[in-house]
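File shown: my_file-v6.tsv (TSV, C-alpha atoms).
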chain	number	residue	atom	x	y	z
T	1404	MET	CA	-135.62	71.60	242.36
T	1405	TYR	CA	-135.06	73.94	239.43
T	1406	SER	CA	-138.59	73.25	238.23
T	1407	ILE	CA	-140.03	74.15	241.63
T	1408	MET	CA	-138.00	77.34	241.79
T	1409	LYS	CA	-139.08	78.25	238.28
T	1410	HIS	CA	-142.73	77.66	239.11
T	1411	GLY	CA	-142.40	79.66	242.33
T	1412	LEU	CA	-140.79	82.58	240.52
T	1413	ARG	CA	-143.58	82.60	237.95
T	1414	SER	CA	-146.21	82.60	240.70
T	1415	ALA	CA	-144.42	85.42	242.47
T	1416	CYS	CA	-144.33	87.50	239.29
T	1417	ILE	CA	-148.02	86.91	238.73
T	1418	ALA	CA	-148.75	87.89	242.32
T	1419	VAL	CA	-146.66	91.06	242.04
T	1420	ALA	CA	-148.37	91.98	238.76
T	1421	PHE	CA	-151.77	91.40	240.37
T	1422	LEU	CA	-150.85	93.54	243.36
T	1423	LEU	CA	-149.54	96.30	241.12
T	1424	ALA	CA	-152.67	96.25	238.98
T	1425	THR	CA	-154.91	96.25	242.04
T	1426	GLY	CA	-152.91	99.05	243.60
T	1427	ALA	CA	-153.06	101.12	240.39
T	1428	ALA	CA	-156.81	100.64	240.20
T	1429	THR	CA	-157.12	101.64	243.85
T	1430	LEU	CA	-154.94	104.70	243.29
T	1431	SER	CA	-156.92	105.59	240.15
T	1432	ALA	CA	-160.23	105.36	242.00
T	1433	GLU	CA	-158.85	107.42	244.87
T	1434	SER	CA	-157.46	109.97	242.41
T	1435	PHE	CA	-160.84	110.26	240.67
T	1436	ALA	CA	-162.77	110.70	243.91
T	1437	GLU	CA	-160.34	113.29	245.25
T	1438	THR	CA	-160.20	115.25	241.99
T	1439	TYR	CA	-163.96	115.05	241.46
T	1440	ASN	CA	-164.68	116.30	244.98
T	1441	SER	CA	-162.21	119.16	244.51
T	1442	ALA	CA	-163.98	120.05	241.26
T	1443	VAL	CA	-167.35	120.09	243.04
T	1444	ASP	CA	-165.91	122.37	245.74
T	1445	ALA	CA	-164.51	124.74	243.09
T	1446	PHE	CA	-167.85	124.78	241.25
T	1447	ASP	CA	-169.72	125.56	244.48
T	1448	ALA	CA	-167.22	128.36	245.12
T	1449	ARG	CA	-167.96	129.68	241.59
T	1450	ASP	CA	-164.37	129.12	240.54
T	1451	TYR	CA	-165.73	127.67	237.32
T	1452	LEU	CA	-162.54	127.59	235.28
T	1453	THR	CA	-160.72	125.61	237.97
T	1454	ALA	CA	-163.76	123.37	238.33
T	1455	GLY	CA	-163.77	122.67	234.60
T	1456	GLU	CA	-160.12	121.69	234.57
T	1457	LEU	CA	-160.58	119.44	237.62
T	1458	PHE	CA	-163.70	117.75	236.21
T	1459	ARG	CA	-161.87	117.13	232.94
T	1460	SER	CA	-158.89	115.71	234.86
T	1461	ALA	CA	-161.23	113.50	236.88
T	1462	ALA	CA	-162.83	112.23	233.68
T	1463	SER	CA	-159.43	111.14	232.39
T	1464	ALA	CA	-158.88	109.06	235.56
T	1465	THR	CA	-161.90	106.81	235.08
T	1466	ASP	CA	-164.37	105.49	232.55
T	1467	GLY	CA	-168.03	104.60	232.21
T	1468	ALA	CA	-170.74	106.59	233.95
T	1469	GLU	CA	-168.27	108.38	236.22
T	1470	ARG	CA	-166.29	109.61	233.22
T	1471	TRP	CA	-169.45	110.74	231.43
T	1472	THR	CA	-170.68	112.64	234.49
T	1473	ALA	CA	-167.31	114.34	234.96
T	1474	LEU	CA	-167.23	115.34	231.28
T	1475	PHE	CA	-170.72	116.81	231.49
T	1476	TRP	CA	-169.86	118.90	234.55
T	1477	ALA	CA	-166.63	119.99	232.92
T	1478	GLY	CA	-168.72	121.35	230.05
T	1479	ARG	CA	-171.09	123.10	232.48
T	1480	SER	CA	-168.12	124.62	234.32
T	1481	PHE	CA	-166.42	125.90	231.17
T	1482	LEU	CA	-169.71	127.40	229.99
T	1483	ALA	CA	-170.17	129.17	233.34
T	1484	ALA	CA	-166.58	130.45	233.05
T	1485	GLY	CA	-167.36	131.95	229.63
T	1486	ARG	CA	-165.15	129.49	227.74
T	1487	THR	CA	-167.83	128.69	225.19
T	1488	SER	CA	-165.57	127.00	222.63
T	1489	THR	CA	-164.10	124.68	225.27
T	1490	ALA	CA	-167.56	124.04	226.68
T	1491	GLU	CA	-168.93	123.12	223.25
T	1492	ALA	CA	-166.04	120.73	222.58
T	1493	THR	CA	-166.50	119.13	226.01
T	1494	PHE	CA	-170.27	118.67	225.58
T	1495	ARG	CA	-169.75	117.12	222.15
T	1496	ARG	CA	-167.10	114.79	223.54
T	1497	TYR	CA	-169.51	113.80	226.31
T	1498	LEU	CA	-172.32	113.11	223.81
T	1499	GLU	CA	-169.97	111.01	221.67
T	1500	ASP	CA	-168.75	108.95	224.64
T	1501	ALA	CA	-171.86	108.64	226.81
T	1502	ASP	CA	-174.63	106.13	226.52
T	1503	PRO	CA	-177.68	107.87	224.90
T	1504	THR	CA	-179.70	107.01	228.01
T	1505	HIS	CA	-177.26	108.67	230.39
T	1506	THR	CA	-178.86	111.17	232.77
T	1507	PHE	CA	-177.27	114.32	231.38
T	1508	VAL	CA	-177.61	113.67	227.62
T	1509	PRO	CA	-180.78	115.82	227.22
T	1510	GLU	CA	-179.28	118.74	229.13
T	1511	ALA	CA	-176.00	118.51	227.21
T	1512	ARG	CA	-177.95	118.88	223.97
T	1513	TYR	CA	-179.83	121.83	225.45
T	1514	GLN	CA	-176.56	123.43	226.57
T	1515	LEU	CA	-175.21	123.21	223.01
T	1516	GLY	CA	-178.12	125.48	222.05
T	1517	ARG	CA	-177.11	127.90	224.81
T	1518	VAL	CA	-173.53	127.88	223.53
T	1519	ALA	CA	-174.75	128.70	220.01
T	1520	PHE	CA	-176.89	131.55	221.37
T	1521	ILE	CA	-174.02	133.02	223.41
T	1522	GLU	CA	-171.79	132.91	220.33
T	1523	ALA	CA	-174.55	134.76	218.38
T	1524	ALA	CA	-175.10	131.77	216.08
T	1525	PHE	CA	-178.85	132.32	216.35
T	1526	GLN	CA	-179.95	130.13	213.45
T	1527	GLN	CA	-177.84	127.28	214.84
T	1528	ALA	CA	-179.33	127.87	218.29
T	1529	LEU	CA	-182.85	127.59	216.84
T	1530	ARG	CA	-182.00	124.30	215.14
T	1531	VAL	CA	-180.46	122.83	218.31
T	1532	PHE	CA	-183.37	123.92	220.52
T	1533	ASP	CA	-185.94	122.62	218.02
T	1534	ALA	CA	-184.24	119.21	217.89
T	1535	PHE	CA	-184.00	119.12	221.70
T	1536	MET	CA	-187.71	119.94	222.17
T	1537	GLU	CA	-188.72	117.41	219.52
T	1538	ASP	CA	-186.71	114.60	221.13
T	1539	TYR	CA	-187.51	115.51	224.76
T	1540	PRO	CA	-190.93	117.22	224.77
T	1541	ASP	CA	-191.49	116.50	228.47
T	1542	ASN	CA	-188.08	117.63	229.71
T	1543	PRO	CA	-188.18	120.43	232.31
T	1544	LEU	CA	-185.75	122.44	230.17
T	1545	VAL	CA	-188.28	122.77	227.32
T	1546	ALA	CA	-189.53	126.05	228.83
T	1547	ASN	CA	-185.96	127.37	228.76
T	1548	ALA	CA	-185.51	126.15	225.19
T	1549	LEU	CA	-188.69	127.98	224.16
T	1550	TYR	CA	-187.50	131.14	225.88
T	1551	TRP	CA	-184.04	131.12	224.29
T	1552	SER	CA	-185.56	130.31	220.92
T	1553	GLY	CA	-187.66	133.45	221.37
T	1554	GLU	CA	-184.53	135.44	222.22
T	1555	SER	CA	-182.84	134.04	219.10
T	1556	LEU	CA	-185.79	135.10	216.95
T	1557	LEU	CA	-185.67	138.58	218.47
T	1558	ALA	CA	-181.97	138.80	217.65
T	1559	LEU	CA	-182.81	137.78	214.07
T	1560	GLY	CA	-185.37	140.58	213.79
T	1561	ARG	CA	-188.45	138.34	213.94
T	1562	PRO	CA	-190.41	139.74	216.92
T	1563	GLU	CA	-193.82	138.36	215.87
T	1564	GLU	CA	-192.53	134.77	215.95
T	1565	ALA	CA	-190.64	135.45	219.18
T	1566	GLU	CA	-193.82	136.75	220.81
T	1567	LEU	CA	-195.56	133.43	220.08
T	1568	LEU	CA	-192.81	131.50	221.89
T	1569	PHE	CA	-192.80	133.85	224.90
T	1570	THR	CA	-196.59	133.49	225.08
T	1571	ALA	CA	-196.18	129.69	224.97
T	1572	VAL	CA	-193.84	129.88	227.98
T	1573	LEU	CA	-196.43	131.98	229.87
T	1574	SER	CA	-199.38	129.75	229.04
T	1575	ARG	CA	-197.73	126.32	229.37
T	1576	TYR	CA	-195.05	126.82	232.03
T	1577	PRO	CA	-196.31	129.27	234.69
T	1578	GLU	CA	-193.88	127.78	237.24
T	1579	SER	CA	-190.84	128.13	234.99
T	1580	PRO	CA	-187.93	130.32	236.16
T	1581	ARG	CA	-188.22	131.95	232.71
T	1582	PHE	CA	-191.85	132.99	233.28
T	1583	GLU	CA	-191.12	136.58	234.36
T	1584	SER	CA	-188.46	137.04	231.69
T	1585	ALA	CA	-190.87	135.77	229.04
T	1586	ARG	CA	-193.61	138.14	230.24
T	1587	TYR	CA	-191.18	141.05	230.21
T	1588	ARG	CA	-190.06	140.22	226.66
T	1589	ARG	CA	-193.65	139.87	225.46
T	1590	ASP	CA	-194.55	143.23	227.01
T	1591	ILE	CA	-191.51	144.83	225.38
T	1592	ILE	CA	-192.56	143.45	221.98
T	1593	GLU	CA	-196.11	144.75	222.50
T	1594	LEU	CA	-194.76	148.13	223.58
T	1595	SER	CA	-192.42	148.22	220.59
T	1596	ARG	CA	-195.33	147.38	218.29
T	1597	ARG	CA	-197.44	150.19	219.74
T	1598	GLU	CA	-194.48	152.53	219.54
T	1599	GLN	CA	-194.00	151.57	215.90
T	1600	GLU	CA	-197.70	152.12	215.22
T	1601	LEU	CA	-197.43	155.55	216.84
T	1602	ILE	CA	-194.30	156.31	214.81
T	1603	ASP	CA	-196.09	155.20	211.64
T	1604	LEU	CA	-199.07	157.36	212.57
T	1605	LEU	CA	-196.84	160.33	213.27
T	1606	ARG	CA	-194.92	159.72	210.06
T	1607	LEU	CA	-198.18	159.49	208.14
T	1608	SER	CA	-199.37	162.68	209.81
T	1609	ALA	CA	-196.06	164.33	209.04
T	1610	GLU	CA	-196.27	163.16	205.43
T	1611	GLU	CA	-199.78	164.56	205.21
T	1612	GLN	CA	-198.57	167.82	206.71
T	1613	VAL	CA	-195.72	167.90	204.23
T	1614	LYS	CA	-198.16	167.17	201.42
T	1615	LEU	CA	-200.47	169.92	202.63
T	1616	ALA	CA	-197.50	172.25	202.88
T	1617	ASP	CA	-196.42	171.24	199.38
T	1618	ASP	CA	-199.96	171.81	198.11
T	1619	LEU	CA	-200.04	175.19	199.83
T	1620	VAL	CA	-196.67	176.10	198.35
T	1621	SER	CA	-197.86	174.94	194.95
T	1622	GLU	CA	-201.04	176.96	195.35
T	1623	ARG	CA	-199.04	179.99	196.40
T	1624	GLU	CA	-196.73	179.48	193.47
T	1625	ALA	CA	-199.76	179.26	191.22
T	1626	HIS	CA	-201.16	182.46	192.72
T	1627	ARG	CA	-197.80	184.09	192.40
T	1628	ALA	CA	-197.57	182.94	188.81
T	1629	THR	CA	-201.08	184.26	188.25
T	1630	ARG	CA	-200.18	187.55	189.87
T	1631	GLU	CA	-197.00	187.69	187.89
T	1632	GLY	CA	-199.04	186.89	184.81
T	1633	VAL	CA	-201.49	189.64	185.69
T	1634	VAL	CA	-198.67	192.03	186.44
T	1635	ARG	CA	-196.95	190.97	183.25
T	1636	LEU	CA	-200.22	191.39	181.39
T	1637	GLU	CA	-200.79	194.76	183.03
T	1638	SER	CA	-197.23	195.68	182.23
T	1639	GLU	CA	-197.72	194.66	178.63
T	1640	GLU	CA	-200.99	196.59	178.48
T	1641	LEU	CA	-199.28	199.58	180.05
T	1642	GLN	CA	-196.49	199.31	177.53
T	1643	ARG	CA	-199.05	199.11	174.75
T	1644	ALA	CA	-200.87	202.09	176.23
T	1645	GLU	CA	-197.62	203.99	176.51
T	1646	ARG	CA	-196.81	203.12	172.92
T	1647	ALA	CA	-200.30	204.22	171.87
T	1648	LEU	CA	-199.91	207.41	173.87
T	1649	GLU	CA	-196.57	208.01	172.27
T	1650	GLN	CA	-198.09	207.40	168.88
T	1651	ALA	CA	-200.91	209.78	169.80
T	1652	ARG	CA	-198.37	212.33	170.88
T	1653	GLN	CA	-196.54	211.88	167.64
T	1654	GLU	CA	-199.83	212.20	165.75
T	1655	VAL	CA	-200.68	215.32	167.71
T	1656	GLU	CA	-197.24	216.68	166.99
T	1657	ARG	CA	-197.63	215.88	163.35
T	1658	GLY	CA	-201.10	217.44	163.43
T	1659	ARG	CA	-199.72	220.51	165.17
T	1660	GLN	CA	-197.00	220.77	162.60
T	1661	GLU	CA	-199.55	220.37	159.83
T	1662	VAL	CA	-201.73	223.01	161.48
T	1663	GLU	CA	-198.75	225.31	161.70
T	1664	THR	CA	-197.99	224.64	158.09
T	1665	LEU	CA	-201.61	225.27	157.14
T	1666	ARG	CA	-201.68	228.38	159.28
T	1667	ALA	CA	-198.54	229.69	157.64
T	1668	GLU	CA	-200.00	228.87	154.25
T	1669	LEU	CA	-203.25	230.54	155.20
T	1670	GLU	CA	-201.42	233.59	156.43
T	1671	ARG	CA	-199.51	233.73	153.17
T	1672	ARG	CA	-202.75	233.39	151.29
T	1673	ILE	CA	-204.38	236.06	153.44
T	1674	GLU	CA	-201.41	238.28	152.86
T	1675	ALA	CA	-201.66	237.60	149.15
T	1676	VAL	CA	-205.38	238.37	149.18
T	1677	ARG	CA	-204.70	241.51	151.17
T	1678	LEU	CA	-202.09	242.54	148.66
T	1679	GLN	CA	-204.48	241.74	145.86
T	1680	GLU	CA	-207.14	243.85	147.54
T	1681	GLU	CA	-204.68	246.67	147.96
T	1682	VAL	CA	-203.69	246.37	144.30
T	1683	LEU	CA	-207.32	246.32	143.32
T	1684	MET	CA	-207.94	249.33	145.50
T	1685	LEU	CA	-205.04	251.13	143.86
T	1686	ILE	CA	-206.31	250.13	140.48
T	1687	GLY	CA	-209.75	251.31	141.45
T	1688	ALA	CA	-208.38	254.54	142.81
T	1689	TYR	CA	-206.34	255.04	139.63
T	1690	ALA	CA	-209.41	254.34	137.58
T	1691	ASP	CA	-211.34	256.87	139.63
T	1692	TRP	CA	-208.56	259.44	139.13
T	1693	LEU	CA	-208.56	258.80	135.42
T	1694	GLU	CA	-212.28	259.37	135.30
T	1695	GLU	CA	-211.91	262.58	137.23
T	1696	GLN	CA	-209.25	263.72	134.80
T	1697	GLU	CA	-211.55	263.21	131.88
What would you get if you wrote out this structure as structure tokens?
Amino acid sequence: MYSIMKHGLRSACIAVAFLLATGAATLSAESFAETYNSAVDAFDARDYLTAGELFRSAASATDGAERWTALFWAGRSFLAAGRTSTAEATFRRYLEDADPTHTFVPEARYQLGRVAFIEAAFQQALRVFDAFMEDYPDNPLVANALYWSGESLLALGRPEEAELLFTAVLSRYPESPRFESARYRRDIIELSRREQELIDLLRLSAEEQVKLADDLVSEREAHRATREGVVRLESEELQRAERALEQARQEVERGRQEVETLRAELERRIEAVRLQEEVLMLIGAYADWLEEQE
């Protein structure tokens, strides 16, 4: 009797445990479906932050493909909400957990490139996009990866390389949603190049004008120096002429003084001769008187 009761109690415990486990699994599945659907509704309503939290909560309520899908959409939601750090962590968690063949693995890798671009990690974005395009060359998102690689190159100051990628989008993916944006960017680069060429031409012209102005100034300075030299030379010649004139004046003055001296001497000599003549006349007259007296 005791053995039967013991066996019955054990069976009852096993049955209760089974029912509890089955009920928990049922509740977990119901919780996942309800939370996942609420997350989808929030995403459709563009309440991305709420959607991200709900997708992440749904992922924690299940495993396998459902968990991976919920994690991916949690990453998409956080990215749309502008929570780039949370989005990056969620995408990386998804890639670590998910089977490499899962549907959203390629896009998750692409979205990591978008996260890097948004965070201005342009070199990192280029590396992520390059790896994505190398591993999934036929993926529809390759056109987007080319476009955002071009934007990254533009941000890094490499417009020539960016133009090649925008041109690749235009030539290889005419149906891409990025077609018009790529054409606009290519036209902007071409316009910027022409503008730069015009600026260079204007700068060259301005430099030539400045050089011509400098040459003209130099020529004027040379002429001025020449004129100043001529004026200085004329001034020196004038000074020499003035000195010569002054010397001539002094010579004339000395000559005049000498003439005056000679004139005075001559007058003295004339006076002396006149006196001598008078003396001789007196002597002659005295001699005549003496002869008359005899």
key: Near-Glu1564 (chain T) list (12 Å; only C-alpha atoms; drop same-chain fewer than 4 positions) as a PyMOL selection string   = chain T and resi 1549-1550+1552-1560+1568-1571+1589+1592
key: Given all atoms listed in the file as the counted atoms, nearest of T:Glu1649, T:Glu1566, T:Glu1578, T:Glu1611 to Asp1590 (chain T)   =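 The shortest atom-to-atom distance to Asp1590 (chain T) comes from T:Glu1566.
Take the candidates T:Trp1476, T:Phe1532, T:Trp1551, T:Phe1520 and check each one against Ala1565 (chain T) using only C-alpha atoms; the shortest distance goes to T:Trp1551.
For the atom pair formed by CA of Asp1450 (chain T) and CA of Pro1503 (chain T), the distance is 29.6 Å, given to one decimal.
Using only C-alpha atoms for every distance, the candidate list T:Ala1462, T:Val1518, T:Val1443, T:Ala1511 yields T:Val1518 as the residue closest to Arg1486 (chain T).
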inquiry  = Residues within 12 Å of Ala1454 (chain T), please, as a count of residues only. Count only C-alpha atoms; anything in the same chain fewer than 2 positions from it doesn't count.
reply    = 33
query = Between T:Ala1490, T:Glu1668, T:Arg1512, T:Gln1612, which has the minimum distance to Glu1537 (chain T) (counting all atoms listed in the file)?
reply =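 Nearest candidate to Glu1537 (chain T) out of T:Ala1490, T:Glu1668, T:Arg1512, T:Gln1612: T:Arg1512.
Taking CA of Gly1485 (chain T) and CA of Tyr1587 (chain T) as endpoints, the distance between them is 25.5 Å.
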Atomic separation - CA of Arg1597 (chain T) relative to CA of Pro1580 (chain T), Å = 27.5 Å
